[in-house]
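Novice: As input, take target-v6.csv (CSV, C-alpha atoms):
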chain,number,residue,atom,x,y,z
N,167,MET,CA,292.6,251.6,-64.6
N,168,HIS,CA,295.9,253.3,-65.1
N,169,VAL,CA,298.4,252.2,-67.8
N,170,ASP,CA,302.2,252.9,-67.8
N,171,PRO,CA,303.0,255.3,-70.6
N,172,ASP,CA,305.7,253.1,-72.1
N,173,GLU,CA,303.4,250.0,-72.1
N,174,ALA,CA,300.6,252.0,-73.6
N,175,ARG,CA,302.8,253.6,-76.3
N,176,SER,CA,304.2,250.2,-77.3
N,177,ALA,CA,300.8,248.6,-77.5
N,178,PHE,CA,299.3,251.5,-79.4
N,179,LEU,CA,302.1,251.8,-82.0
N,180,GLY,CA,302.2,248.0,-82.5
N,181,GLN,CA,298.5,247.8,-83.1
N,182,MET,CA,298.5,250.9,-85.4
N,183,ASP,CA,301.2,249.4,-87.5
N,184,LEU,CA,299.5,246.1,-87.7
N,185,LEU,CA,296.2,247.6,-88.6
N,186,ILE,CA,297.6,249.7,-91.5
N,187,GLY,CA,299.5,246.7,-92.8
N,188,THR,CA,296.4,244.6,-92.7
N,189,ALA,CA,294.3,247.2,-94.4
N,190,ALA,CA,296.9,247.8,-97.1
N,191,ALA,CA,296.9,244.1,-98.0
N,192,LEU,CA,293.1,244.0,-98.6
N,193,SER,CA,291.7,244.1,-102.1
N,194,ASP,CA,288.9,246.5,-103.1
N,195,GLN,CA,286.5,243.6,-103.0
N,196,ALA,CA,287.6,242.7,-99.5
N,197,LEU,CA,287.2,246.4,-98.4
N,198,LEU,CA,283.6,246.3,-99.6
N,199,ALA,CA,282.8,243.3,-97.5
N,200,PRO,CA,280.7,243.7,-94.3
N,201,SER,CA,282.6,244.4,-91.1
N,202,ARG,CA,281.6,243.6,-87.5
N,203,CYS,CA,280.6,247.3,-87.1
N,204,THR,CA,276.9,247.7,-87.4
N,205,GLY,CA,276.0,249.2,-90.8
N,206,TRP,CA,279.6,249.5,-92.1
N,207,THR,CA,281.7,247.7,-94.6
N,208,VAL,CA,285.4,247.2,-93.9
N,209,SER,CA,286.3,250.4,-95.8
N,210,GLU,CA,283.7,252.4,-93.9
N,211,THR,CA,285.2,251.1,-90.7
N,212,LEU,CA,288.6,252.3,-91.8
N,213,VAL,CA,287.2,255.7,-92.6
N,214,HIS,CA,285.9,255.9,-89.0
N,215,VAL,CA,289.4,254.9,-87.8
N,216,HIS,CA,290.9,257.6,-90.0
N,217,GLN,CA,288.6,260.2,-88.5
N,218,GLY,CA,289.4,259.0,-85.0
N,219,LEU,CA,293.1,259.3,-85.5
N,220,GLN,CA,292.8,262.8,-86.9
N,221,GLU,CA,291.0,263.7,-83.6
N,222,MET,CA,293.6,261.9,-81.6
N,223,LEU,CA,296.3,264.2,-83.2
N,224,LEU,CA,294.5,267.1,-81.6
N,225,GLY,CA,294.7,265.4,-78.2
N,226,CYS,CA,298.5,264.9,-78.7
N,227,VAL,CA,299.0,268.6,-78.9
N,228,THR,CA,296.8,269.6,-76.0
N,229,ALA,CA,299.0,269.0,-72.9
N,230,THR,CA,297.7,270.3,-69.6
N,231,ASP,CA,298.7,270.7,-66.0
N,232,ALA,CA,295.1,270.0,-64.9
N,233,ARG,CA,294.4,267.0,-62.7
N,234,PRO,CA,293.2,264.0,-64.7
N,235,ASP,CA,289.5,263.2,-64.2
N,236,THR,CA,289.3,260.1,-66.3
N,237,ASP,CA,291.4,256.9,-66.7
N,238,ALA,CA,291.9,254.2,-69.4
N,239,ALA,CA,288.7,252.4,-68.4
N,240,SER,CA,286.3,255.2,-67.1
N,241,TYR,CA,286.9,257.1,-70.4
N,242,TRP,CA,284.7,254.6,-72.1
N,243,ARG,CA,281.7,255.2,-69.8
N,244,ASP,CA,280.8,258.1,-72.1
N,245,PHE,CA,280.4,255.6,-75.0
N,246,THR,CA,278.1,252.9,-73.6
N,247,PRO,CA,276.9,250.4,-76.2
N,248,ALA,CA,273.7,251.6,-78.0
N,249,GLU,CA,270.6,249.5,-77.9
N,250,PRO,CA,270.4,247.2,-81.0
N,251,ALA,CA,267.2,248.9,-82.0
N,252,GLN,CA,268.6,252.4,-81.6
N,253,PRO,CA,271.9,252.5,-83.5
N,254,ASP,CA,273.5,255.9,-84.3
N,255,ILE,CA,272.0,256.2,-87.7
N,256,ALA,CA,273.3,259.7,-88.3
N,257,GLY,CA,276.9,258.6,-87.5
N,258,ILE,CA,276.6,255.5,-89.7
N,259,GLN,CA,275.3,257.5,-92.6
N,260,PHE,CA,277.9,260.2,-92.3
N,261,VAL,CA,280.8,257.7,-92.5
N,262,ARG,CA,279.1,255.9,-95.4
N,263,ARG,CA,278.9,259.2,-97.3
N,264,VAL,CA,282.6,259.9,-96.7
N,265,ALA,CA,283.6,256.4,-97.8
N,266,ALA,CA,281.4,256.7,-100.9
N,267,ALA,CA,283.4,259.8,-102.1
N,268,TYR,CA,286.4,257.6,-102.9
N,269,GLN,CA,286.4,256.2,-106.4
N,270,ARG,CA,287.9,253.0,-105.1
N,271,PRO,CA,287.8,251.7,-101.5
N,272,SER,CA,291.6,251.3,-101.5
N,273,ASP,CA,292.0,255.1,-102.3
N,274,LEU,CA,291.2,255.9,-98.6
N,275,LEU,CA,294.7,254.5,-97.8
N,276,LYS,CA,296.2,257.6,-99.5
N,277,HIS,CA,294.7,259.6,-96.6
N,278,LEU,CA,295.0,257.1,-93.8
N,279,THR,CA,298.7,256.4,-94.3
N,280,PRO,CA,300.0,260.0,-93.8
N,281,THR,CA,297.7,260.5,-90.8
N,282,ILE,CA,299.2,257.4,-89.2
N,283,ASP,CA,302.7,258.7,-90.0
N,284,GLY,CA,301.8,262.0,-88.2
N,285,VAL,CA,300.3,260.2,-85.2
N,286,ARG,CA,303.4,258.0,-84.9
N,287,ALA,CA,305.7,261.0,-85.0
N,288,ALA,CA,303.6,262.8,-82.3
N,289,VAL,CA,303.4,259.8,-80.0
N,290,LEU,CA,307.2,259.1,-80.3
N,291,THR,CA,308.2,262.7,-79.6
N,292,ARG,CA,305.7,263.9,-77.0
N,293,LYS,CA,306.7,264.0,-73.4
N,294,PRO,CA,304.3,262.3,-71.0
N,295,SER,CA,301.8,264.7,-69.4
N,296,ALA,CA,298.1,264.9,-69.0
N,297,VAL,CA,296.0,265.4,-72.1
N,298,ARG,CA,292.7,267.3,-72.7
N,299,PHE,CA,290.5,265.2,-74.9
N,300,GLN,CA,286.7,265.2,-75.6
N,301,GLY,CA,285.9,267.2,-72.4
N,302,HIS,CA,288.1,265.1,-70.1
N,303,VAL,CA,291.7,265.1,-68.8
N,304,LEU,CA,293.6,261.8,-69.1
N,305,PRO,CA,297.1,260.8,-68.1
N,306,TRP,CA,299.2,260.3,-71.2
N,307,GLY,CA,299.5,256.5,-70.7
N,308,ASP,CA,295.8,256.2,-70.3
N,309,PHE,CA,295.1,258.3,-73.3
N,310,LEU,CA,297.3,256.0,-75.5
N,311,ALA,CA,295.8,252.9,-73.9
N,312,THR,CA,292.3,254.0,-75.0
N,313,TRP,CA,293.5,254.3,-78.6
N,314,ALA,CA,295.3,250.9,-78.4
N,315,VAL,CA,292.0,249.5,-77.4
N,316,GLU,CA,290.1,251.4,-80.1
N,317,LEU,CA,292.4,250.1,-82.8
N,318,ALA,CA,292.4,246.5,-81.5
N,319,VAL,CA,288.6,246.4,-81.5
N,320,HIS,CA,288.5,247.7,-85.0
N,321,HIS,CA,291.1,245.3,-86.1
N,322,LEU,CA,288.7,242.5,-85.0
N,323,ASP,CA,286.0,244.3,-87.0
N,324,ILE,CA,287.9,244.2,-90.3
N,325,THR,CA,289.7,240.9,-90.3
N,326,THR,CA,289.9,237.4,-88.8
N,327,SER,CA,293.6,237.7,-88.1
N,328,PRO,CA,294.5,238.5,-84.5
N,329,PRO,CA,295.2,242.0,-83.2
N,330,HIS,CA,298.5,243.0,-81.6
N,331,ALA,CA,298.6,240.9,-78.5
N,332,PRO,CA,299.5,243.7,-76.0
N,333,ALA,CA,296.7,245.9,-77.4
N,334,LEU,CA,294.3,243.0,-77.2
N,335,ARG,CA,295.3,242.4,-73.5
N,336,LEU,CA,294.6,246.1,-72.8
N,337,ALA,CA,291.2,245.7,-74.4
N,338,ARG,CA,290.4,242.7,-72.2
N,339,ARG,CA,291.6,244.6,-69.1
N,340,THR,CA,289.3,247.5,-70.1
N,341,VAL,CA,286.3,245.2,-70.5
N,342,GLU,CA,287.0,243.6,-67.2
N,343,ALA,CA,287.4,247.0,-65.4
N,344,LEU,CA,284.1,248.2,-66.9
N,345,ALA,CA,282.4,244.9,-66.0
N,346,GLY,CA,283.6,245.2,-62.4
N,347,GLU,CA,285.3,241.8,-62.2
N,348,PRO,CA,287.6,239.4,-64.2
N,349,LEU,CA,286.0,237.4,-67.0
N,350,PRO,CA,286.5,233.6,-67.0
N,351,THR,CA,290.1,232.5,-67.6
N,352,THR,CA,288.8,229.9,-70.1
N,353,TRP,CA,287.9,232.8,-72.4
N,354,SER,CA,290.6,233.9,-74.8
N,355,ASP,CA,291.4,237.6,-74.9
N,356,GLU,CA,289.7,237.8,-78.3
N,357,THR,CA,286.5,236.1,-77.0
N,358,ALA,CA,286.4,238.4,-74.0
N,359,VAL,CA,286.7,241.5,-76.2
N,360,LEU,CA,284.2,240.3,-78.8
N,361,LEU,CA,281.7,239.6,-76.1
N,362,GLY,CA,282.6,242.7,-74.2
N,363,THR,CA,282.0,244.9,-77.2
N,364,GLY,CA,278.8,243.2,-78.3
N,365,ARG,CA,280.5,241.9,-81.5
N,366,GLU,CA,279.5,238.3,-80.6
N,367,THR,CA,276.4,237.0,-78.8
N,368,PRO,CA,277.2,234.7,-75.8
N,369,THR,CA,276.5,231.0,-76.1
N,370,ALA,CA,274.5,229.1,-73.4
N,371,ASP,CA,277.6,228.2,-71.4
N,372,GLN,CA,278.9,231.8,-71.5
N,373,SER,CA,275.6,233.4,-70.5
N,374,PRO,CA,276.1,233.9,-66.7
N,375,PRO,CA,279.3,236.0,-66.8
N,376,ALA,CA,278.3,237.5,-70.1
N,377,ALA,CA,275.0,238.8,-68.7
N,378,ARG,CA,277.0,242.0,-67.7
N,379,LEU,CA,278.2,242.5,-71.3
N,380,PRO,CA,278.6,244.4,-73.5
N,381,VAL,CA,280.2,247.2,-71.6
N,382,LEU,CA,282.1,248.9,-74.4
N,383,GLY,CA,280.6,250.2,-77.6
Take the structure in this file and express it as structure tokens.

Specialist:
Amino acid sequence: MHVDPDEARSAFLGQMDLLIGTAAALSDQALLAPSRCTGWTVSETLVHVHQGLQEMLLGCVTATDARPDTDAASYWRDFTPAEPAQPDIAGIQFVRRVAAAYQRPSDLLKHLTPTIDGVRAAVLTRKPSAVRFQGHVLPWGDFLATWAVELAVHHLDITTSPPHAPALRLARRTVEALAGEPLPTTWSDETAVLLGTGRETPTADQSPPAARLPVLG
């Protein structure tokens, strides 16, 4: 699954701006509420997002002439969903401890906001070329697409408001690529992504196509 760099950049930036705007509007009490991420509150999920965007910045400055070995969908095969009985306890606890260091949950925005500003500047000024990231080489558009998907999924984790539509469509395309075939057209993009990431359990009428899901952690 390859994604045009302009399409991926637009989807990523749109979703990133929507996510930070949504997060900034949440009260401390809302930030302490459970998220859809196993073991994490909303604020803890945002700490995870912040850590991810810091790592993304490193990818933005590691251009390479090497041949890509991963695309926007196959990248996720390194992150297959964990068994429900075997969650990443160490990872969950680490993020919890970082989040607990803030006196108030909303204080994390003081760190998240400048990181987002830095990512935006890097994405807008960088010339398209392959990127080295997490042991792989991805085309620039595919790299940005993975992050549009990451942020769209976490948007669904922290709020009931819809993600940025182009990013959500990329997330559905990713789920379908990993599943090996299109999901029912009667499923909304949000339903496809929630089932495809294991955030929701399929109902009886969804079970046959949902048997292949989740495919994205």

Novice: Of the residues N:Ser295, N:Ser373, N:Ser176, N:Thr281, which is the one nearest to N:Leu219, using only C-alpha atoms?

Specialist: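 Going through N:Ser295, N:Ser373, N:Ser176, N:Thr281 one by one, the smallest distance to N:Leu219 is for N:Thr281.
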
Novice: Within 12 Å of N:Ser354, counting only C-alpha atoms, which residues qualify if same-chain residues fewer than 2 places away don't, as a PyMOL selection string?

Specialist: chain N and resi 328+331+334-335+337-338+349-352+356-362

Novice: Nearest residue to N:Leu198 out of N:Ser272, N:Gln372, N:Thr246, N:Gln217, using all atoms listed in the file?

Specialist: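 Checking each of N:Ser272, N:Gln372, N:Thr246, N:Gln217 against N:Leu198, counting all atoms listed in the file, the winner is N:Ser272.
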
Novice: Using all atoms listed in the file, which of the listed residues (N:Val341, N:Val208, N:Leu179, N:Ala238) sits closest to N:Ser193?

Specialist: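 Under the stated criterion, the closest residue is N:Val208.
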
Novice: Report, in Å with one decimal, the straight-line distance from atom CA of N:Glu366 to atom CA of N:Thr312.

Specialist: 21.0 Å

Novice: Of the candidates N:Ile324, N:Met182, N:Leu382, N:Met222, which one gets nearest to N:Ala288 if we count all atoms listed in the file?

Specialist: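 The shortest atom-to-atom distance to N:Ala288 comes from N:Met222.
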